[in-house]
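Undergrad: Got a structure for you, written out below as structure tokens; questions coming shortly.
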Amino acid sequence: MKDRIMDALQKFSKAMFVPVLILPIAGILIAVGNVFTNPKLIEVIPFLDNPITTGFGSILSASLVPILTNLGLIFCVGIALGLAKTKKAEAAFTSVLGYFVFIYAMNKFMELRGILVDPEQLRGSGQSIVLGVQIL
């Protein structure tokens, strides 16, 4: 029994490896993008004070921030891919569909219960917008 539990935990930890591996890379590149657009650094380092470097930094940061804002979806697909023995594409696709059903069902449940807060006042409410849907 102990071996079966350990095997299951090892499979799950291997499945978590790919989504977790992406996070530090995205974080470092976002930080590099922020360096190129930081007004205080632009004053100190004249090389950064041109539209090419600031534009590059803006594009780099803006294109990678969605990785951090959509972690739920990334983990959903990554774990499904990692745990599937065969038909990995079908597992990933099904996991995305399940994720969509989950977030829309949560939104509808919160709407029916009357606990959705005004989208302008999300900060501190425990609610957030994920893929355009307000969820808990």
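Residues in the structure tokens are numbered from 1 in each chain, the chains being A, B, ... in the order shown, and ligands are numbered from 1 in the order shown.
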List the spatial neighbours of Ile30 (chain A) as a ChimeraX atom specification - criterion: any atom at most 12 Å away, only C-alpha atoms, same-chain residues fewer than 5 positions off excluded.
TA: /A:23-25,35-37,56-68
Undergrad: Next, dump the selected residues to file, keeping only all heavy atoms, as a tab-separated table (two decimals), in the first residue's frame.
TA:
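Generated output (out38.tsv):
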```tsv
chain	number	residue	atom	x	y	z
A	23	LEU	N	7.54	28.96	-14.50
A	23	LEU	CA	7.36	30.16	-13.67
A	23	LEU	C	8.64	30.97	-13.45
A	23	LEU	O	8.62	32.18	-13.63
A	23	LEU	CB	6.74	29.77	-12.34
A	23	LEU	CG	5.34	29.18	-12.44
A	23	LEU	CD1	4.82	28.79	-11.08
A	23	LEU	CD2	4.41	30.14	-13.12
A	24	PRO	N	9.77	30.37	-13.08
A	24	PRO	CA	10.96	31.21	-12.89
A	24	PRO	C	11.45	31.85	-14.18
A	24	PRO	O	11.92	33.00	-14.17
A	24	PRO	CB	12.01	30.27	-12.31
A	24	PRO	CG	11.46	28.92	-12.36
A	24	PRO	CD	10.01	28.99	-12.68
A	25	ILE	N	11.32	31.15	-15.29
A	25	ILE	CA	11.74	31.72	-16.57
A	25	ILE	C	10.89	32.94	-16.90
A	25	ILE	O	11.40	34.00	-17.26
A	25	ILE	CB	11.64	30.65	-17.68
A	25	ILE	CG1	12.60	29.51	-17.39
A	25	ILE	CG2	11.92	31.26	-19.05
A	25	ILE	CD1	12.36	28.27	-18.21
A	35	VAL	N	13.14	46.20	-16.07
A	35	VAL	CA	14.39	46.97	-16.00
A	35	VAL	C	14.48	47.94	-17.17
A	35	VAL	O	14.87	49.10	-17.01
A	35	VAL	CB	15.62	46.02	-15.98
A	35	VAL	CG1	16.90	46.75	-16.28
A	35	VAL	CG2	15.70	45.32	-14.64
A	36	PHE	N	14.10	47.49	-18.34
A	36	PHE	CA	14.18	48.35	-19.53
A	36	PHE	C	13.17	49.49	-19.52
A	36	PHE	O	13.32	50.45	-20.26
A	36	PHE	CB	13.98	47.53	-20.81
A	36	PHE	CG	15.18	46.72	-21.20
A	36	PHE	CD1	15.08	45.35	-21.35
A	36	PHE	CD2	16.40	47.32	-21.42
A	36	PHE	CE1	16.18	44.60	-21.72
A	36	PHE	CE2	17.51	46.58	-21.79
A	36	PHE	CZ	17.40	45.21	-21.94
A	37	THR	N	12.14	49.38	-18.68
A	37	THR	CA	11.11	50.43	-18.65
A	37	THR	C	11.08	51.21	-17.33
A	37	THR	O	10.23	52.08	-17.16
A	37	THR	CB	9.72	49.82	-18.90
A	37	THR	OG1	9.45	48.83	-17.90
A	37	THR	CG2	9.62	49.21	-20.28
A	56	PHE	N	10.95	47.44	-26.27
A	56	PHE	CA	11.29	46.03	-26.07
A	56	PHE	C	10.91	45.58	-24.67
A	56	PHE	O	10.32	44.51	-24.49
A	56	PHE	CB	12.79	45.80	-26.32
A	56	PHE	CG	13.26	44.43	-25.96
A	56	PHE	CD1	12.95	43.34	-26.76
A	56	PHE	CD2	14.00	44.22	-24.80
A	56	PHE	CE1	13.38	42.07	-26.42
A	56	PHE	CE2	14.42	42.96	-24.45
A	56	PHE	CZ	14.11	41.88	-25.26
A	57	GLY	N	11.23	46.39	-23.66
A	57	GLY	CA	10.88	46.05	-22.29
A	57	GLY	C	9.39	45.96	-22.08
A	57	GLY	O	8.90	45.06	-21.39
A	58	SER	N	8.66	46.89	-22.67
A	58	SER	CA	7.20	46.87	-22.54
A	58	SER	C	6.60	45.62	-23.18
A	58	SER	O	5.72	44.98	-22.60
A	58	SER	CB	6.59	48.10	-23.21
A	58	SER	OG	7.01	49.26	-22.57
A	59	ILE	N	7.08	45.28	-24.36
A	59	ILE	CA	6.57	44.08	-25.05
A	59	ILE	C	6.92	42.83	-24.27
A	59	ILE	O	6.09	41.93	-24.10
A	59	ILE	CB	7.12	44.01	-26.49
A	59	ILE	CG1	6.51	45.13	-27.33
A	59	ILE	CG2	6.85	42.65	-27.11
A	59	ILE	CD1	7.16	45.29	-28.70
A	60	LEU	N	8.16	42.76	-23.77
A	60	LEU	CA	8.60	41.58	-23.03
A	60	LEU	C	7.75	41.38	-21.78
A	60	LEU	O	7.24	40.28	-21.53
A	60	LEU	CB	10.08	41.73	-22.66
A	60	LEU	CG	10.79	40.52	-22.08
A	60	LEU	CD1	10.77	39.38	-23.09
A	60	LEU	CD2	12.21	40.87	-21.72
A	61	SER	N	7.56	42.42	-21.01
A	61	SER	CA	6.76	42.30	-19.78
A	61	SER	C	5.30	42.00	-20.09
A	61	SER	O	4.70	41.10	-19.50
A	61	SER	CB	6.83	43.60	-18.97
A	61	SER	OG	8.13	43.80	-18.49
A	62	ALA	N	4.73	42.75	-21.02
A	62	ALA	CA	3.30	42.59	-21.32
A	62	ALA	C	2.98	41.23	-21.92
A	62	ALA	O	1.90	40.68	-21.69
A	62	ALA	CB	2.84	43.69	-22.27
A	63	SER	N	3.92	40.66	-22.66
A	63	SER	CA	3.63	39.36	-23.28
A	63	SER	C	3.78	38.20	-22.31
A	63	SER	O	3.23	37.12	-22.54
A	63	SER	CB	4.53	39.15	-24.49
A	63	SER	OG	5.89	39.12	-24.10
A	64	LEU	N	4.52	38.39	-21.21
A	64	LEU	CA	4.72	37.29	-20.27
A	64	LEU	C	3.85	37.38	-19.02
A	64	LEU	O	3.68	36.38	-18.32
A	64	LEU	CB	6.19	37.23	-19.86
A	64	LEU	CG	7.11	36.79	-21.00
A	64	LEU	CD1	8.56	37.00	-20.63
A	64	LEU	CD2	6.86	35.35	-21.36
A	65	VAL	N	3.28	38.52	-18.73
A	65	VAL	CA	2.40	38.65	-17.56
A	65	VAL	C	1.20	37.70	-17.65
A	65	VAL	O	0.78	37.15	-16.62
A	65	VAL	CB	1.98	40.13	-17.35
A	65	VAL	CG1	0.81	40.26	-16.41
A	65	VAL	CG2	3.16	40.93	-16.85
A	66	PRO	N	0.63	37.44	-18.83
A	66	PRO	CA	-0.49	36.48	-18.88
A	66	PRO	C	-0.13	35.08	-18.38
A	66	PRO	O	-1.02	34.35	-17.93
A	66	PRO	CB	-0.86	36.44	-20.36
A	66	PRO	CG	-0.44	37.77	-20.88
A	66	PRO	CD	0.79	38.13	-20.11
A	67	ILE	N	1.13	34.71	-18.40
A	67	ILE	CA	1.52	33.42	-17.83
A	67	ILE	C	1.22	33.41	-16.34
A	67	ILE	O	0.68	32.44	-15.80
A	67	ILE	CB	3.01	33.12	-18.10
A	67	ILE	CG1	3.22	32.85	-19.59
A	67	ILE	CG2	3.49	31.94	-17.27
A	67	ILE	CD1	4.66	32.68	-19.99
A	68	LEU	N	1.54	34.51	-15.67
A	68	LEU	CA	1.30	34.57	-14.23
A	68	LEU	C	-0.18	34.77	-13.90
A	68	LEU	O	-0.65	34.32	-12.86
A	68	LEU	CB	2.14	35.68	-13.61
A	68	LEU	CG	3.65	35.52	-13.75
A	68	LEU	CD1	4.37	36.68	-13.09
A	68	LEU	CD2	4.11	34.20	-13.16
```
Undergrad: Excluding Glu120 (chain A) and its own-chain neighbours fewer than 5 positions away, which residues fall within 12 Å of it when counting only C-alpha atoms? Please give them as a list in words.
TA: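 Contacts, in chain order: Ser125, Gln127, Ser128, Ile129 and Gln134 of chain A.
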Undergrad: Let me see the file: selected residues, C-alpha atoms, as a PDB file, in the first residue's frame.
TA:
```pdb
ATOM      1  CA  SER A 125     -12.855  40.880  -1.912  1.00  0.00           C
ATOM      2  CA  GLN A 127     -12.710  37.605  -6.132  1.00  0.00           C
ATOM      3  CA  SER A 128     -10.849  38.036  -9.389  1.00  0.00           C
ATOM      4  CA  ILE A 129     -11.320  38.095 -13.142  1.00  0.00           C
ATOM      5  CA  GLN A 134     -15.373  36.893 -12.274  1.00  0.00           C
TER       6      GLN A 134
END
```
Undergrad: I'd like the contact shell of region 96-99 of chain A - 12 Å cut-off, only C-alpha atoms, skipping same-chain residues fewer than 3 positions apart - returned as a list in words.
TA: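 Counting only the stated atoms, we get Asn70, Leu71, Gly72, Leu73, Ile74, Phe75, Cys76, Val77, Gly78, Ile79, Ala80, Leu81, Ala89, Glu90, Ala91, Ala92, Phe93, Phe102, Ile103, Tyr104, Ala105, Met106, Val130, Leu131 and Val133 of chain A.
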Undergrad: Selected residues, N, CA and C atoms, written as a PDB file, in the first residue's frame, please.
TA:
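Dumped everything to selection.pdb:
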```pdb
ATOM      1  N   ASN A  70      -2.684  33.564 -15.583  1.00  0.00           N
ATOM      2  CA  ASN A  70      -3.468  32.377 -15.964  1.00  0.00           C
ATOM      3  C   ASN A  70      -2.821  31.097 -15.454  1.00  0.00           C
ATOM      4  N   LEU A  71      -2.308  31.139 -14.239  1.00  0.00           N
ATOM      5  CA  LEU A  71      -1.649  29.963 -13.672  1.00  0.00           C
ATOM      6  C   LEU A  71      -2.585  28.768 -13.545  1.00  0.00           C
ATOM      7  N   GLY A  72      -3.836  29.020 -13.234  1.00  0.00           N
ATOM      8  CA  GLY A  72      -4.788  27.916 -13.094  1.00  0.00           C
ATOM      9  C   GLY A  72      -4.902  27.105 -14.366  1.00  0.00           C
ATOM     10  N   LEU A  73      -5.014  27.785 -15.474  1.00  0.00           N
ATOM     11  CA  LEU A  73      -5.115  27.096 -16.759  1.00  0.00           C
ATOM     12  C   LEU A  73      -3.819  26.366 -17.101  1.00  0.00           C
ATOM     13  N   ILE A  74      -2.687  26.995 -16.824  1.00  0.00           N
ATOM     14  CA  ILE A  74      -1.393  26.371 -17.114  1.00  0.00           C
ATOM     15  C   ILE A  74      -1.203  25.099 -16.292  1.00  0.00           C
ATOM     16  N   PHE A  75      -1.546  25.158 -15.019  1.00  0.00           N
ATOM     17  CA  PHE A  75      -1.423  23.957 -14.190  1.00  0.00           C
ATOM     18  C   PHE A  75      -2.426  22.894 -14.599  1.00  0.00           C
ATOM     19  N   CYS A  76      -3.609  23.303 -14.986  1.00  0.00           N
ATOM     20  CA  CYS A  76      -4.636  22.356 -15.427  1.00  0.00           C
ATOM     21  C   CYS A  76      -4.132  21.531 -16.614  1.00  0.00           C
ATOM     22  N   VAL A  77      -3.609  22.211 -17.611  1.00  0.00           N
ATOM     23  CA  VAL A  77      -3.112  21.518 -18.805  1.00  0.00           C
ATOM     24  C   VAL A  77      -1.840  20.747 -18.486  1.00  0.00           C
ATOM     25  N   GLY A  78      -0.937  21.349 -17.733  1.00  0.00           N
ATOM     26  CA  GLY A  78       0.340  20.701 -17.420  1.00  0.00           C
ATOM     27  C   GLY A  78       0.172  19.423 -16.636  1.00  0.00           C
ATOM     28  N   ILE A  79      -0.715  19.436 -15.663  1.00  0.00           N
ATOM     29  CA  ILE A  79      -0.931  18.227 -14.870  1.00  0.00           C
ATOM     30  C   ILE A  79      -1.613  17.150 -15.695  1.00  0.00           C
ATOM     31  N   ALA A  80      -2.574  17.540 -16.534  1.00  0.00           N
ATOM     32  CA  ALA A  80      -3.236  16.546 -17.398  1.00  0.00           C
ATOM     33  C   ALA A  80      -2.238  15.918 -18.361  1.00  0.00           C
ATOM     34  N   LEU A  81      -1.361  16.731 -18.936  1.00  0.00           N
ATOM     35  CA  LEU A  81      -0.335  16.188 -19.838  1.00  0.00           C
ATOM     36  C   LEU A  81       0.610  15.263 -19.101  1.00  0.00           C
ATOM     37  N   ALA A  89      -2.908  14.693 -25.899  1.00  0.00           N
ATOM     38  CA  ALA A  89      -3.610  15.844 -26.474  1.00  0.00           C
ATOM     39  C   ALA A  89      -5.075  15.861 -26.026  1.00  0.00           C
ATOM     40  N   GLU A  90      -5.703  14.697 -26.034  1.00  0.00           N
ATOM     41  CA  GLU A  90      -7.088  14.617 -25.600  1.00  0.00           C
ATOM     42  C   GLU A  90      -7.222  14.959 -24.119  1.00  0.00           C
ATOM     43  N   ALA A  91      -6.252  14.519 -23.316  1.00  0.00           N
ATOM     44  CA  ALA A  91      -6.276  14.822 -21.888  1.00  0.00           C
ATOM     45  C   ALA A  91      -6.138  16.324 -21.659  1.00  0.00           C
ATOM     46  N   ALA A  92      -5.240  16.962 -22.387  1.00  0.00           N
ATOM     47  CA  ALA A  92      -5.033  18.409 -22.235  1.00  0.00           C
ATOM     48  C   ALA A  92      -6.276  19.177 -22.674  1.00  0.00           C
ATOM     49  N   PHE A  93      -6.847  18.782 -23.805  1.00  0.00           N
ATOM     50  CA  PHE A  93      -8.045  19.452 -24.305  1.00  0.00           C
ATOM     51  C   PHE A  93      -9.210  19.289 -23.332  1.00  0.00           C
ATOM     52  N   PHE A 102     -15.681  24.788 -14.961  1.00  0.00           N
ATOM     53  CA  PHE A 102     -15.511  25.127 -13.547  1.00  0.00           C
ATOM     54  C   PHE A 102     -15.632  26.622 -13.302  1.00  0.00           C
ATOM     55  N   ILE A 103     -14.915  27.434 -14.080  1.00  0.00           N
ATOM     56  CA  ILE A 103     -14.946  28.877 -13.796  1.00  0.00           C
ATOM     57  C   ILE A 103     -16.307  29.490 -14.129  1.00  0.00           C
ATOM     58  N   TYR A 104     -16.961  29.024 -15.195  1.00  0.00           N
ATOM     59  CA  TYR A 104     -18.278  29.568 -15.513  1.00  0.00           C
ATOM     60  C   TYR A 104     -19.342  29.096 -14.525  1.00  0.00           C
ATOM     61  N   ALA A 105     -19.221  27.858 -14.042  1.00  0.00           N
ATOM     62  CA  ALA A 105     -20.158  27.370 -13.029  1.00  0.00           C
ATOM     63  C   ALA A 105     -19.974  28.135 -11.721  1.00  0.00           C
ATOM     64  N   MET A 106     -18.714  28.421 -11.357  1.00  0.00           N
ATOM     65  CA  MET A 106     -18.460  29.196 -10.147  1.00  0.00           C
ATOM     66  C   MET A 106     -19.057  30.595 -10.266  1.00  0.00           C
ATOM     67  N   VAL A 130     -10.825  35.983 -14.218  1.00  0.00           N
ATOM     68  CA  VAL A 130      -9.998  34.983 -14.878  1.00  0.00           C
ATOM     69  C   VAL A 130     -10.610  34.701 -16.244  1.00  0.00           C
ATOM     70  N   LEU A 131      -9.860  34.957 -17.285  1.00  0.00           N
ATOM     71  CA  LEU A 131     -10.315  34.761 -18.663  1.00  0.00           C
ATOM     72  C   LEU A 131     -11.641  35.476 -18.904  1.00  0.00           C
ATOM     73  N   VAL A 133     -13.966  36.181 -16.707  1.00  0.00           N
ATOM     74  CA  VAL A 133     -15.045  35.695 -15.859  1.00  0.00           C
ATOM     75  C   VAL A 133     -14.688  35.992 -14.406  1.00  0.00           C
TER      76      VAL A 133
END
```
Undergrad: Write out as an NGL selection string all residues of chain A that DSSP puts in helix (DSSP H, G or I) for this structure's backbone.
TA: :A and (2-37 or 39-44 or 46-48 or 51-69 or 71-83 or 88-113 or 119-121)
Undergrad: Kindly give the distance, in Å, that separates CA of Gln121 (chain A) and CA of Asn107 (chain A), rounded to a single decimal.
TA: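 Distance between the two atoms: 16.2 Å.
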Undergrad: Restricting the calculation to only C-alpha atoms: of A:Gly82, A:Pro51, A:Pro39, A:Pro46, which residue gets closest to Val18 (chain A)?
TA: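 Nearest to Val18 (chain A): A:Gly82.
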Undergrad: Taking 4 positions as the minimum chain separation for residues in the same chain, which residues sit within 10 Å of Asp49 (chain A) when counting only C-alpha atoms? Answer as a list in words.
TA: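 Within the cut-off, the hits are Phe36, Thr37, Asn38, Pro39, Leu41, Ile42, Glu43, Val44, Ile45, Thr53 and Thr54 of chain A.
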Undergrad: Residues of the last selection are to be written out with all heavy atoms, as a compact mmCIF listing (two decimals), in the first residue's frame.
TA:
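Done, and the output landed in result.txt:
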```
# COMPACT_ATOMS: atom_id res chain seq x y z
N PHE A 36 14.10 47.49 -18.34
CA PHE A 36 14.18 48.35 -19.53
C PHE A 36 13.17 49.49 -19.52
O PHE A 36 13.32 50.45 -20.26
CB PHE A 36 13.98 47.53 -20.81
CG PHE A 36 15.18 46.72 -21.20
CD1 PHE A 36 15.08 45.35 -21.35
CD2 PHE A 36 16.40 47.32 -21.42
CE1 PHE A 36 16.18 44.60 -21.72
CE2 PHE A 36 17.51 46.58 -21.79
CZ PHE A 36 17.40 45.21 -21.94
N THR A 37 12.14 49.38 -18.68
CA THR A 37 11.11 50.43 -18.65
C THR A 37 11.08 51.21 -17.33
O THR A 37 10.23 52.08 -17.16
CB THR A 37 9.72 49.82 -18.90
OG1 THR A 37 9.45 48.83 -17.90
CG2 THR A 37 9.62 49.21 -20.28
N ASN A 38 11.99 50.92 -16.42
CA ASN A 38 12.02 51.58 -15.12
C ASN A 38 12.52 53.01 -15.27
O ASN A 38 13.66 53.24 -15.67
CB ASN A 38 12.92 50.80 -14.17
CG ASN A 38 12.84 51.30 -12.75
OD1 ASN A 38 12.55 52.46 -12.50
ND2 ASN A 38 13.12 50.41 -11.82
N PRO A 39 11.70 54.01 -14.94
CA PRO A 39 12.11 55.41 -15.12
C PRO A 39 13.35 55.80 -14.31
O PRO A 39 14.16 56.60 -14.77
CB PRO A 39 10.91 56.22 -14.66
CG PRO A 39 9.78 55.27 -14.55
CD PRO A 39 10.34 53.90 -14.44
N LEU A 41 15.91 53.84 -13.51
CA LEU A 41 17.10 53.30 -14.17
C LEU A 41 17.40 54.02 -15.47
O LEU A 41 18.56 54.15 -15.86
CB LEU A 41 16.91 51.80 -14.44
CG LEU A 41 17.12 50.88 -13.27
CD1 LEU A 41 16.83 49.44 -13.66
CD2 LEU A 41 18.52 51.00 -12.73
N ILE A 42 16.35 54.47 -16.15
CA ILE A 42 16.55 55.20 -17.41
C ILE A 42 17.32 56.50 -17.14
O ILE A 42 18.16 56.90 -17.95
CB ILE A 42 15.19 55.47 -18.09
CG1 ILE A 42 14.62 54.15 -18.60
CG2 ILE A 42 15.34 56.46 -19.23
CD1 ILE A 42 13.22 54.24 -19.17
N GLU A 43 17.09 57.12 -15.98
CA GLU A 43 17.84 58.34 -15.63
C GLU A 43 19.31 58.04 -15.40
O GLU A 43 20.18 58.83 -15.75
CB GLU A 43 17.25 58.98 -14.37
CG GLU A 43 15.87 59.56 -14.56
CD GLU A 43 15.28 60.05 -13.24
OE1 GLU A 43 16.01 60.06 -12.23
OE2 GLU A 43 14.09 60.41 -13.24
N VAL A 44 19.61 56.87 -14.83
CA VAL A 44 20.99 56.51 -14.48
C VAL A 44 21.75 55.94 -15.67
O VAL A 44 22.92 56.23 -15.87
CB VAL A 44 20.99 55.49 -13.31
CG1 VAL A 44 22.40 55.04 -12.97
CG2 VAL A 44 20.30 56.08 -12.10
N ILE A 45 21.07 55.12 -16.45
CA ILE A 45 21.73 54.45 -17.58
C ILE A 45 21.19 55.07 -18.87
O ILE A 45 20.08 54.75 -19.30
CB ILE A 45 21.47 52.92 -17.57
CG1 ILE A 45 21.90 52.33 -16.22
CG2 ILE A 45 22.19 52.24 -18.71
CD1 ILE A 45 21.48 50.90 -16.01
N THR A 53 14.60 50.37 -26.67
CA THR A 53 14.76 49.57 -25.45
C THR A 53 13.51 49.62 -24.57
O THR A 53 13.11 48.59 -24.01
CB THR A 53 15.98 50.02 -24.64
OG1 THR A 53 15.87 51.40 -24.36
CG2 THR A 53 17.27 49.72 -25.38
N THR A 54 12.89 50.78 -24.45
CA THR A 54 11.67 50.84 -23.64
C THR A 54 10.53 50.07 -24.31
O THR A 54 9.74 49.42 -23.62
CB THR A 54 11.25 52.30 -23.37
OG1 THR A 54 11.10 52.98 -24.60
CG2 THR A 54 12.25 53.01 -22.49
```
Undergrad: DSSP on the backbone, then: every residue of chain A marked strand (DSSP E or B), written as an NGL selection string.
TA: :A and (128-130 or 133-135)
Undergrad: Mind dumping the selected residues with all heavy atoms as a PDB file, in the first residue's frame?
TA:
```
ATOM      1  N   SER A 128     -11.760  37.612  -8.341  1.00  0.00           N
ATOM      2  CA  SER A 128     -10.849  38.036  -9.389  1.00  0.00           C
ATOM      3  C   SER A 128     -11.482  37.785 -10.747  1.00  0.00           C
ATOM      4  O   SER A 128     -12.474  37.060 -10.851  1.00  0.00           O
ATOM      5  CB  SER A 128      -9.537  37.256  -9.269  1.00  0.00           C
ATOM      6  OG  SER A 128      -8.644  37.637 -10.262  1.00  0.00           O
ATOM      7  N   ILE A 129     -10.892  38.358 -11.761  1.00  0.00           N
ATOM      8  CA  ILE A 129     -11.320  38.095 -13.142  1.00  0.00           C
ATOM      9  C   ILE A 129     -10.324  37.122 -13.759  1.00  0.00           C
ATOM     10  O   ILE A 129      -9.128  37.390 -13.794  1.00  0.00           O
ATOM     11  CB  ILE A 129     -11.357  39.401 -13.971  1.00  0.00           C
ATOM     12  CG1 ILE A 129     -12.274  40.438 -13.331  1.00  0.00           C
ATOM     13  CG2 ILE A 129     -11.762  39.108 -15.406  1.00  0.00           C
ATOM     14  CD1 ILE A 129     -13.744  40.120 -13.407  1.00  0.00           C
ATOM     15  N   VAL A 130     -10.825  35.983 -14.218  1.00  0.00           N
ATOM     16  CA  VAL A 130      -9.998  34.983 -14.878  1.00  0.00           C
ATOM     17  C   VAL A 130     -10.610  34.701 -16.244  1.00  0.00           C
ATOM     18  O   VAL A 130     -11.764  34.295 -16.324  1.00  0.00           O
ATOM     19  CB  VAL A 130      -9.918  33.679 -14.053  1.00  0.00           C
ATOM     20  CG1 VAL A 130      -9.193  32.589 -14.806  1.00  0.00           C
ATOM     21  CG2 VAL A 130      -9.250  33.936 -12.709  1.00  0.00           C
ATOM     22  N   VAL A 133     -13.966  36.181 -16.707  1.00  0.00           N
ATOM     23  CA  VAL A 133     -15.045  35.695 -15.859  1.00  0.00           C
ATOM     24  C   VAL A 133     -14.688  35.992 -14.406  1.00  0.00           C
ATOM     25  O   VAL A 133     -13.589  35.690 -13.949  1.00  0.00           O
ATOM     26  CB  VAL A 133     -15.247  34.176 -16.036  1.00  0.00           C
ATOM     27  CG1 VAL A 133     -16.374  33.660 -15.165  1.00  0.00           C
ATOM     28  CG2 VAL A 133     -15.491  33.838 -17.481  1.00  0.00           C
ATOM     29  N   GLN A 134     -15.622  36.575 -13.677  1.00  0.00           N
ATOM     30  CA  GLN A 134     -15.373  36.893 -12.274  1.00  0.00           C
ATOM     31  C   GLN A 134     -15.582  35.641 -11.436  1.00  0.00           C
ATOM     32  O   GLN A 134     -16.646  35.039 -11.472  1.00  0.00           O
ATOM     33  CB  GLN A 134     -16.322  37.996 -11.821  1.00  0.00           C
ATOM     34  CG  GLN A 134     -16.027  38.526 -10.449  1.00  0.00           C
ATOM     35  CD  GLN A 134     -16.872  39.744 -10.131  1.00  0.00           C
ATOM     36  OE1 GLN A 134     -17.336  40.441 -11.018  1.00  0.00           O
ATOM     37  NE2 GLN A 134     -17.075  39.987  -8.852  1.00  0.00           N
ATOM     38  N   ILE A 135     -14.555  35.265 -10.691  1.00  0.00           N
ATOM     39  CA  ILE A 135     -14.613  34.047  -9.862  1.00  0.00           C
ATOM     40  C   ILE A 135     -14.074  34.323  -8.471  1.00  0.00           C
ATOM     41  O   ILE A 135     -13.519  35.371  -8.202  1.00  0.00           O
ATOM     42  CB  ILE A 135     -13.839  32.877 -10.498  1.00  0.00           C
ATOM     43  CG1 ILE A 135     -12.356  33.199 -10.582  1.00  0.00           C
ATOM     44  CG2 ILE A 135     -14.409  32.504 -11.843  1.00  0.00           C
ATOM     45  CD1 ILE A 135     -11.497  32.002 -10.904  1.00  0.00           C
TER      46      ILE A 135
END
```
Undergrad: Report, in Å to a single decimal, how far apart CA of Lys2 (chain A) and CA of Thr86 (chain A) are.
TA: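 Between CA of Thr86 (chain A) and CA of Lys2 (chain A) the gap is 25.6 Å.
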